[in-house]
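Written below as structure tokens is the structure these notes are about.
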Amino acid sequence: MFGRGADSRFKWVLWLSATAALLCLVVAFVHVRSDAAWSVGQPARQPIPFSHAVHAGGLELDCRFCHASVERSAAAGMPTAETCLGCHARVWAVKSQFAPLTTALALNTPVPWASVSRLPDHVRFHHGAHLRVGVGCQTCHGAVEEMPRTVKAETLSMGWCVACHTQAATERAGESPLLPASSAWRTITHQGIEIPALTRCSTCHR
Amino acid sequence: MLLMGASVALAAAGCDGPDEHGHPLHARPRGADEAASYATVLDLEGLGRGVLARTRAGHAVKIEGNPQHPASLGATDIFAEAAVLSLHDPHRSHRIRHNGRPQAPAGLDAVLAALPATLRVNGGAGLRLLTGPVASPTLARLIGDVLAAFPGAQWHQHDPLADDDALAGAVAAFGQPVAVLPDLARAQAVLCLGADPLGPGPAQLRQARDWSTARRAGSPPRLFVAEATPSLTGARADRRIALHPAEAEGFARAVAATLGVSGLAKGAAHAAAPDIAAALLAAAPAAIVLAGRGQPPAVHALAHAMNQALGARGVALRLIASPFARPEPMAASLVALTTAMRSGEVTHLLVLGANPVQDAPAFLAFEQAMRRVPFTLHAGLWEDETARASRWHVPLLHPLEAWGDSLAFDGTPAIRQPATRPVVDDARDALGLLGKILAAPLPAREAVIATWMDRWGGIGFDDRWTEALEVGTAGPPSPTISPALRPDWDRPGEAPPATLTAIFAPDAGLRDEAQNAWLQELPRALTGLAWGNAALFDPQTAATLGLAPGDEVELTLDGRSVLAACWPVAGHAPGCVTLPLGGGRKAAGAVGTGRGFDATMLRPADGAWTAPGLVVRRTGARASLVATAAPYRADDAGAVPRVQPGEALAPIARGTSLHPDWPYEGRAWGMAIDVDACIGCNACAIACQAENNVPVVGPQELARGRGMHWLRVDRYDFDASEAPAASFQPVPCMQCEKAPCEPVCPVNATVHDNEGLNVMVHARCVGTRTCSNNCPYKVRRFNWDDHRPAMDTPRRNPDVSLRPRGVMEKCTYCTHRISAARSAATLEGRELRDGEVETACQRACPTQAITFGDLNAPGSAVAAQRHDARSYALLGDLGTRPRTTYLAQRVPRDGT
């Protein structure tokens with residue numbers, strides 16, 4: 001029933017399959033760790049062609065001018081149409097360009113800015129708490145003042161967040177400005193394993 | 001192979017993938033803050049409870065009690081909590097309709113603009129307004145304006161739950177309508193004649209708080225309850241007597257006679273009367289008698305006379321003028337309207353917010369009469385039965401979207417302000433519609449301002465107005481009145497025949513919002529039924545009739561029949577059957593239509609609460625009932641312990657464990673639930689559902705035990721006799737220090753954290769359900785379906801993630817609230833304060849039975865409660881070391 005070379009052909013097929021499977025895994029592994037998989041460097045379609053390079057870089061506007069609640073609440077806050085048109089009614093008042101903003105102002109609706117660094121639903125991030133302990137905007141958002149079109153600068157993956165949280169907690173607990181001097185932030189040891197307080201699930205997840 | 005590679009890549013990227021890249025990131029609209037809270041007011045049975053509507057990005061996501069409002073004191077009931085779901089109900093009416101067809105708003109406006117001229121021809125002789133009970137000063141003022149502009153017009157009120165007999169009783173006793181305000185914090189003895197002060201109602205939150213305050217202070221009122229249908233008050237009574245409605249007046253008369261009330265027209269005797277009368281006399285003047293809905297007028301008059309004889313007025317009881325704008329017998333008002341419609345007198349009928357086609361007694365044939373009226377306009381939240389029978393239907397603004405005002409049960413006024421972005425574009429409000437009829441359209445806000453400008457005067461108005469909106473109340477409660485008891489107060493009623501009697505009663509968990517899935521899925525505290533109602537029997541009567549629980553029965557009264565399920569309830573009076581109102585809807589959307597049976601089919605045309613001559617026939621079929629767990633018994637494992645004064649329970653033992661202990665050096669979150677204060681109102685369960693985006697599973701899944709409530713309220717019956725005393729024990733996740741769920745998870749999806757939280761990692765869970773199997777408290781819930789599409793609406797709480805299909809979930813101790821408080825403390829550079837973190841269930845509880853906080857913090861409330869002599873751990877002998885512990889129920893010393 002089987003020909004003379006059946007055995008060796010079958011071996012070849014097995015080897016090929018195994019190699020292909022391994023190749024797939026390697027490709028997948030490389031892909032999920034690539035910036036493209038995390039949309040790093042990719043801009044999003046915004047209602048108006050806004051440039052951080054012009055505003056934050058050239059004009060040196062403070063971040064808080066537009067992201068007003070960044071120091072006190074979880075969300076940084078996005079500028080309302082009033083914030084933009086407050087200046088642009090006088091300078092660079094290109095009507096057609098600001099149509100989405102004037103519409104939002106007239107209808108009292110929010111401006112539909114597109115997020116480039118949104119975290120998944122099960123992650124809780126508090127801008128104010130991070131600023132308070134000295135984590136600056138650029139740490140996560142990159143050099144936005146050099147971005148003509150805003151893009152994601154880091155993967156913002158869990159591994160990326162935890163790397164910082166582990167380092168902050170283990171190296172500088174207690175004396176670091178990164179951590180409030182509260183007993184709740186001490187590293188604990190359980191079953192011989194050191195657990196930095198900032199890496200427990202409920203710190204970031206909800 | 002390529003597909004496999006892709007799926008591996010997807011699986012690897014899946015959990016943390018940037019799936020939201022480019023999704024909208026809305027800036028706030030002008031003025032509104034990202035997270036804001038608005039003080040407003042929600043009505044129940046026409047009377048307001050002050051609430052704070054918490055909004056996110058302009059949408060109301062959660063209702064919480066307003067601590068400064070006397071009818072809330074910071075707590076909520078199930079109806080207030082569920083209002084936010086009704087607000088965002090996608091099945092709410094969205095279009096103006098004429099004869100069922102959608103119309104542009106301009107069409108309606110043209111018709112309404114022509115209306116005043118048409119009506120003015122004959123002085124509005126054919127105009128009738130039909131509303132629910134009106135306590136709102138502005139609505140009453142505008143209705144008054146309409147009646148003044150059209151002298152021929154008439155205003156009718158209709159509420160299927162209106163207590164016309166209480167009104168008749170007050171008129172008999174005092175010659176005027178009064179509202180009785182008991183003070184359960186001061187009373188030492190309370191006799192409830194069918195009254196349910198701890199049960200659902202506009203005064204529940206206040207009365208439950210007062211009662212629990214007295215219990216905590218160690219001077220609880222002795223609670224005597226004489227009733228036919230088991231109620232929440234009856235469950236917590238010191239003594240409960242199951243009384244057939246035919247005996248109600250005789251019993252009240254017997255107590256009154258023993259008390260020596262003067263002016264009694266007729267005496268009576270009852271075996272239990274002397275003891276109760278003696279207890280009342282011993283506690284006088286801090287003794288009160290309350291008559292409830294469904295009692296005949298004579299019983300209400302007797303209660304007034306007994307309070308007078310006990311000297312309770314001014315001590316533990318206050319009388320005020322009725323908060324309603326025009327107290328009237330509503331059943332008679334509806335009968336008058338129906339008669340007028342049938343005779344063709346009515347040319348224009350405006351129904352504002354009421355649903356008479358559904359909830360008027362079927363004997364009245366309201367719908368047929370209504371169809372004879374040439375112009376009918378119904379304004380309502382839903383396209384319900386009345387909307388379908390009307391020529392015009394206008395979607396009404398939800399109370400959370402509209403301007404208005406309201407009075408509480410004690411007469412405290414409050415301004416209603418819109419707390420959310422309008423959900424329905426075409427919706428109108430009742431004030432605006434009345435303005436159109438007056439040909440003086442005024443925005444609702446201006447109409448409300450005009451009312452209060454009249455009352456307060458123009459000087460300093462702006463400050464008062466702003467304060468009223470911020471605080472949530474617009475003035476003091478109504479002043480006490482002291483009407484004299486009329487000499488001829490006692491007008492004995494005829495004793496009804498002692499045949500099988502139908503008792504009509506409000507459903508324990510449903511009012512007119514059958515469309516609300518949270519309310520439908522909530523098991524009723526005393527029956528355990530959800531998604532429908534049943535005819536409630538006493539077990540003995542059911543046995544005599546050969547009925548088993550869940551049997552279908554045909555109920556016949558005066559020639560009309562309805563099919564219902566039979567459900568025996570321990571403690572129900574024999575010889576009568578309770579028929580809950582509010583079920584069997586014909587047009588209540590996918591959620592509410594056809595749940596249970598419609599008791600209005602049997603209700604007498606005069607809206608009577610009891611009707612003798614009920615005939616029950618077993619059909620032989622089984623009804624489709626959804627019943628959750630039956631009550632536990634006193635000897636069941638984990639039963640609520642009961643302690644007498646001075647008695648102490650054994651301290652909670654830590655037990656031994658093979659696993660090393662966690663070092664809880666920082667905070668140690670813990671919860672203490674005082675079973676003694678719990679009244680089984682279920683507000684915590686709905687608050688948890690609203691806060692944590694807990695999905696609704698529907699009747700089929702619920703019947704299979706797949707309900708998702710993170711917090712359930714267990715009931716323990718302590719006495720199998722005719723009058724069971726019950727304890728209610730809310731059971732959230734115990735957050736065990738030695739959690740049995742943790743070591744058995746194959747993927748480490750449920751883990752411990754150093755503050756003692758038992759954390760559920762939804763993204764890791766693969767759905768083996770081993771954790772739930774190993775949980776002795778059965779508080780873990782499994783997502784059998786993907787509920788995210790239904791949940792992902794503006795209503796959802798954005799602070800809590802939505803769980804996908806196939807993962808476990810459970811109570812988190814509101815970990816997002818802990819995080820939020822922690823961030824707030826970090827921002828201010830301070831430690832967390834005790835009481836700063838409030839869980840949703842704790843915030844909702846009317847009796848403050850739930851305490852949450854840091855067990856390690858010296859002097860924290862929760863640590864004090866944990867070391868109380870009444871503290872116990874549920875199934876503590878299993879060695880799970882639960883962080884949630886309980887305080888046992890107090891019982892009076894034996895022989896008192």
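Residue numbers start at 1 in each chain; chains themselves are named A, B, ... in the order of the structure tokens; ligands are numbered from 1 in the order shown.
Residues lying within 8 Å of region 674-678 of chain B, counting only C-alpha atoms and ignoring same-chain neighbours fewer than 3 positions away, are Ser212, Arg215, Val640, Cys681, Ser727, Phe728, Gln729, Pro730, Thr847, Gln848, Ala849, Ile850, Tyr886, Leu887, Ala888, Gln889 and Arg890 of chain B.
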Residues flagged strand (DSSP E) by DSSP in region 49-288 of chain B, as a VMD selection string: chain B and resid 49 to 56 59 to 65 96 to 98 101 to 103 127 to 131 154 to 157 178 to 182 189 to 193 222 to 227 239 to 242 287 to 288
Please produce a file of the residues just selected, as a tab-separated table (two decimals), in the first residue's frame, where the atoms kept are C-alpha atoms.
```tsv
chain	number	residue	atom	x	y	z
B	49	ARG	CA	-37.31	61.54	47.74
B	50	GLY	CA	-34.24	63.74	47.39
B	51	VAL	CA	-31.45	62.20	45.38
B	52	LEU	CA	-28.05	63.10	44.01
B	53	ALA	CA	-27.70	62.10	40.37
B	54	ARG	CA	-24.07	61.28	39.64
B	55	THR	CA	-23.16	61.99	36.05
B	56	ARG	CA	-20.26	61.09	33.82
B	59	HIS	CA	-25.01	61.25	31.47
B	60	ALA	CA	-26.63	60.21	34.73
B	61	VAL	CA	-25.02	56.90	35.68
B	62	LYS	CA	-25.96	56.42	39.33
B	63	ILE	CA	-28.53	57.65	41.79
B	64	GLU	CA	-27.50	58.21	45.37
B	65	GLY	CA	-29.46	59.54	48.30
B	96	ILE	CA	-44.62	61.70	18.80
B	97	ARG	CA	-47.39	59.54	17.38
B	98	HIS	CA	-50.82	60.16	15.93
B	101	ARG	CA	-47.94	56.63	13.29
B	102	PRO	CA	-44.85	58.75	13.94
B	103	GLN	CA	-45.38	62.47	13.47
B	127	LEU	CA	-61.80	69.26	28.54
B	128	ARG	CA	-60.61	66.75	31.10
B	129	LEU	CA	-57.13	66.44	32.58
B	130	LEU	CA	-56.04	63.14	34.04
B	131	THR	CA	-52.85	62.98	36.09
B	154	GLN	CA	-62.22	69.28	35.06
B	155	TRP	CA	-59.14	67.65	36.59
B	156	HIS	CA	-59.07	64.03	37.67
B	157	GLN	CA	-56.33	62.18	39.51
B	178	VAL	CA	-54.27	64.73	57.17
B	179	ALA	CA	-50.97	62.96	56.74
B	180	VAL	CA	-49.69	60.96	59.70
B	181	LEU	CA	-45.95	61.20	60.35
B	182	PRO	CA	-44.81	58.66	62.92
B	189	ALA	CA	-44.52	50.82	71.05
B	190	VAL	CA	-46.00	50.76	67.58
B	191	LEU	CA	-49.10	48.92	66.46
B	192	CYS	CA	-49.35	48.55	62.69
B	193	LEU	CA	-52.82	47.75	61.45
B	222	ARG	CA	-41.85	47.24	70.32
B	223	LEU	CA	-43.39	46.53	66.98
B	224	PHE	CA	-46.80	44.86	66.78
B	225	VAL	CA	-48.09	44.09	63.33
B	226	ALA	CA	-51.57	42.84	62.47
B	227	GLU	CA	-51.81	42.19	58.75
B	239	ARG	CA	-45.21	40.22	67.48
B	240	ARG	CA	-47.13	39.59	64.32
B	241	ILE	CA	-50.74	38.58	64.00
B	242	ALA	CA	-52.04	37.22	60.70
B	287	ALA	CA	-47.02	54.71	71.62
B	288	ILE	CA	-48.56	54.97	68.20
```
Enumerate, in order of chain and increasing residue number, the residues of chain A with an atom no farther than 8 Å from chain B, each with its shortest atom pair and distance in Å to one decimal, counting only C-alpha atoms, as a tab-separated table.
```
residue	atom	partner	partner_atom	distance
A:Ala20	CA	B:Met1	CA	7.8
A:Ala21	CA	B:Met1	CA	7.4
A:Cys24	CA	B:Gly5	CA	5.0
A:Leu25	CA	B:Gly5	CA	6.6
A:Val27	CA	B:Gly5	CA	8.0
A:Ala28	CA	B:Ala9	CA	4.6
A:Phe29	CA	B:Ala9	CA	7.1
A:His31	CA	B:Ala9	CA	7.3
A:Val32	CA	B:Ala13	CA	5.7
A:Ala37	CA	B:Gly17	CA	7.7
A:Trp38	CA	B:Pro18	CA	5.7
A:Ser39	CA	B:Pro18	CA	7.0
A:Ala44	CA	B:Gly22	CA	5.2
A:Arg45	CA	B:Gly22	CA	7.0
A:Arg72	CA	B:Leu827	CA	7.1
A:Gly77	CA	B:Ala27	CA	6.6
A:Met78	CA	B:Ala27	CA	4.7
A:Pro79	CA	B:Ala27	CA	6.0
A:Thr80	CA	B:Ala27	CA	5.6
A:Glu82	CA	B:Arg30	CA	7.8
A:Asn108	CA	B:Pro29	CA	5.9
A:Thr109	CA	B:Pro29	CA	5.4
A:Pro110	CA	B:Pro29	CA	4.7
A:Val111	CA	B:Ala27	CA	5.7
A:Pro112	CA	B:His26	CA	5.2
A:Trp113	CA	B:Leu25	CA	5.2
A:Ala114	CA	B:Pro24	CA	4.6
A:Ser115	CA	B:Gly22	CA	5.0
A:Val116	CA	B:His21	CA	5.6
A:Ser117	CA	B:His21	CA	7.0
A:Arg118	CA	B:Glu20	CA	6.5
A:Leu119	CA	B:Pro18	CA	7.4
A:Pro120	CA	B:Asp16	CA	6.8
A:Asp121	CA	B:Ser801	CA	5.4
A:His122	CA	B:Ser801	CA	5.0
A:Arg124	CA	B:Asp799	CA	7.5
A:His126	CA	B:Ser823	CA	7.1
A:Gly128	CA	B:Leu827	CA	6.7
A:Ala129	CA	B:Ser823	CA	5.6
A:Arg132	CA	B:Leu827	CA	6.1
A:Ser157	CA	B:Asp16	CA	6.3
A:Met158	CA	B:Asp16	CA	7.0
A:Pro180	CA	B:Thr826	CA	6.9
A:Ser182	CA	B:Glu831	CA	7.1
A:Ser183	CA	B:Gly666	CA	5.2
A:Ala184	CA	B:Gly666	CA	4.4
A:Trp185	CA	B:Gly666	CA	7.7
A:Arg186	CA	B:Gly666	CA	7.9
A:Ile188	CA	B:Pro663	CA	7.2
A:Thr189	CA	B:Pro663	CA	7.6
A:His190	CA	B:Trp662	CA	6.2
A:Gln191	CA	B:Pro660	CA	7.0
A:Ala197	CA	B:Asn754	CA	7.7
A:Arg200	CA	B:Asp753	CA	6.3
A:Cys201	CA	B:Val759	CA	7.3
A:Ser202	CA	B:Val759	CA	7.0
A:Thr203	CA	B:Ser819	CA	7.1
A:Arg206	CA	B:His816	CA	5.8
```
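Using only C-alpha atoms, the nearest neighbour of Ala135 (chain B) within the list B:Gly292, B:Pro399, B:Pro413, B:Gly58 is B:Pro413.
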Within 12 Å of Cys84 (chain A) using only C-alpha atoms, minus same-chain residues under 4 positions, as an MDAnalysis selection string: (chainID A and resid 48 50 55 65:67 78:80 88:93 97:102 104:105 111) or (chainID B and resid 27)
Write a file of the selected residues as a compact mmCIF listing (two decimals), in the first residue's frame, keeping N, CA and C atoms.
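Wrote again_8.txt, looks like this:
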```txt
# COMPACT_ATOMS: atom_id res chain seq x y z
N ILE A 48 -9.92 68.16 13.55
CA ILE A 48 -9.20 69.25 12.89
C ILE A 48 -7.72 68.88 12.84
N PHE A 50 -4.80 69.29 14.06
CA PHE A 50 -4.12 69.97 15.16
C PHE A 50 -2.65 69.54 15.21
N HIS A 55 1.80 74.18 18.75
CA HIS A 55 1.26 74.75 19.99
C HIS A 55 2.19 74.54 21.18
N PHE A 65 -2.92 74.20 29.55
CA PHE A 65 -3.80 75.19 28.93
C PHE A 65 -4.98 74.49 28.28
N CYS A 66 -4.73 73.36 27.63
CA CYS A 66 -5.81 72.62 26.97
C CYS A 66 -6.27 71.41 27.79
N HIS A 67 -5.32 70.73 28.45
CA HIS A 67 -5.69 69.55 29.24
C HIS A 67 -5.82 70.00 30.69
N MET A 78 -9.93 67.07 27.71
CA MET A 78 -9.64 67.50 26.34
C MET A 78 -10.21 68.89 26.15
N PRO A 79 -9.59 69.69 25.28
CA PRO A 79 -10.06 71.07 25.12
C PRO A 79 -11.46 71.12 24.51
N THR A 80 -12.24 72.05 25.01
CA THR A 80 -13.55 72.26 24.43
C THR A 80 -13.40 73.19 23.22
N HIS A 88 -8.49 81.30 18.46
CA HIS A 88 -8.57 81.25 17.00
C HIS A 88 -9.68 82.11 16.42
N ALA A 89 -10.45 82.76 17.26
CA ALA A 89 -11.36 83.77 16.74
C ALA A 89 -10.55 84.98 16.29
N ARG A 90 -9.33 85.13 16.88
CA ARG A 90 -8.51 86.29 16.58
C ARG A 90 -7.31 85.94 15.71
N VAL A 91 -6.64 84.82 16.03
CA VAL A 91 -5.45 84.47 15.25
C VAL A 91 -5.71 83.21 14.44
N TRP A 92 -5.17 83.19 13.24
CA TRP A 92 -5.28 82.02 12.38
C TRP A 92 -6.74 81.56 12.28
N ALA A 93 -7.62 82.52 12.03
CA ALA A 93 -9.06 82.20 12.04
C ALA A 93 -9.50 81.69 10.67
N GLN A 97 -11.45 75.43 8.32
CA GLN A 97 -10.70 74.48 9.11
C GLN A 97 -11.37 74.22 10.47
N PHE A 98 -11.99 75.28 11.03
CA PHE A 98 -12.56 75.15 12.37
C PHE A 98 -14.04 74.83 12.36
N ALA A 99 -14.56 74.42 11.22
CA ALA A 99 -16.00 74.13 11.12
C ALA A 99 -16.45 73.11 12.17
N PRO A 100 -15.69 72.00 12.40
CA PRO A 100 -16.15 71.05 13.43
C PRO A 100 -16.26 71.70 14.80
N LEU A 101 -15.38 72.69 15.07
CA LEU A 101 -15.42 73.35 16.37
C LEU A 101 -16.60 74.31 16.49
N THR A 102 -16.83 75.07 15.43
CA THR A 102 -17.96 76.01 15.49
C THR A 102 -19.28 75.25 15.58
N ALA A 104 -19.65 72.32 17.06
CA ALA A 104 -19.75 71.83 18.43
C ALA A 104 -20.19 72.95 19.36
N LEU A 105 -19.68 74.14 19.12
CA LEU A 105 -20.04 75.29 19.96
C LEU A 105 -21.51 75.64 19.79
N VAL A 111 -16.44 68.07 21.33
CA VAL A 111 -15.62 67.90 20.13
C VAL A 111 -15.12 66.46 20.11
N ALA B 27 -14.41 65.65 24.58
CA ALA B 27 -14.24 66.76 25.50
C ALA B 27 -15.61 67.02 26.12
```
Please provide as a compact mmCIF listing (two decimals) with C-alpha atoms, in the first residue's frame all residues within 8 Å of Gly879 (chain B), with the sequence filter that same-chain residues fewer than 2 positions apart are discarded (counting only C-alpha atoms).
```txt
# COMPACT_ATOMS: atom_id res chain seq x y z
CA ARG B 654 -9.01 32.82 63.36
CA GLY B 655 -8.66 29.10 62.80
CA THR B 656 -5.55 27.40 61.55
CA SER B 657 -4.29 27.17 58.01
CA LYS B 738 -7.92 32.26 53.37
CA GLY B 876 -16.67 31.05 60.29
CA ASP B 877 -15.85 27.49 61.38
CA ARG B 881 -11.34 34.17 57.82
```
Among the residues A:Gly136, A:Glu194, A:Ala106, A:Phe125, the one that comes closest to Cys161 (chain A) [using only C-alpha atoms]: A:Phe125
Contacts of Arg603 (chain B) at 9 Å (only C-alpha atoms; same-chain gap of 3+ positions) as a list in words: Ala360, Pro361, Ala362, Phe363, Ala502, Phe504, Leu557, Ala599, Thr600, Asp606, Gly607, Ala608, Trp609, Thr610 and Ala611 of chain B
Write the residues you've just listed into a file as a PDB file, in the first residue's frame, and include C-alpha atoms for each of them.
```pdb
ATOM      1  CA  ALA B 360     -57.676  51.112  36.238  1.00  0.00           C
ATOM      2  CA  PRO B 361     -59.947  48.256  37.338  1.00  0.00           C
ATOM      3  CA  ALA B 362     -61.015  46.288  34.282  1.00  0.00           C
ATOM      4  CA  PHE B 363     -64.651  46.473  35.442  1.00  0.00           C
ATOM      5  CA  ALA B 502     -59.119  38.754  47.326  1.00  0.00           C
ATOM      6  CA  PHE B 504     -55.187  43.715  46.151  1.00  0.00           C
ATOM      7  CA  LEU B 557     -64.478  37.278  40.928  1.00  0.00           C
ATOM      8  CA  ALA B 599     -54.815  41.652  39.080  1.00  0.00           C
ATOM      9  CA  THR B 600     -56.678  44.736  37.847  1.00  0.00           C
ATOM     10  CA  ASP B 606     -64.597  51.352  42.918  1.00  0.00           C
ATOM     11  CA  GLY B 607     -60.936  50.484  43.397  1.00  0.00           C
ATOM     12  CA  ALA B 608     -61.581  48.520  46.592  1.00  0.00           C
ATOM     13  CA  TRP B 609     -58.566  46.861  48.219  1.00  0.00           C
ATOM     14  CA  THR B 610     -60.425  43.741  49.245  1.00  0.00           C
ATOM     15  CA  ALA B 611     -63.207  41.805  47.554  1.00  0.00           C
TER      16      ALA B 611
END
```
Surrounding residues of Arg120 (chain B) excluding itself and chain neighbours under 2 positions, 10 Å, only C-alpha atoms, as a ChimeraX atom specification: /B:115-118,122-125,149-152
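Straight-line separation from CA of Met601 (chain B) to CA of Gly559 (chain B): 10.6 Å.
If only C-alpha atoms are the atoms counted, then among B:Arg313, B:Arg805, B:Arg764, B:Arg141 the closest residue to Val289 (chain B) is B:Arg313.
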Pick from B:Ile437, B:Val357, B:Leu377, B:Ile686, whichever lies nearest to Ser390 (chain B) using only C-alpha atoms: B:Leu377
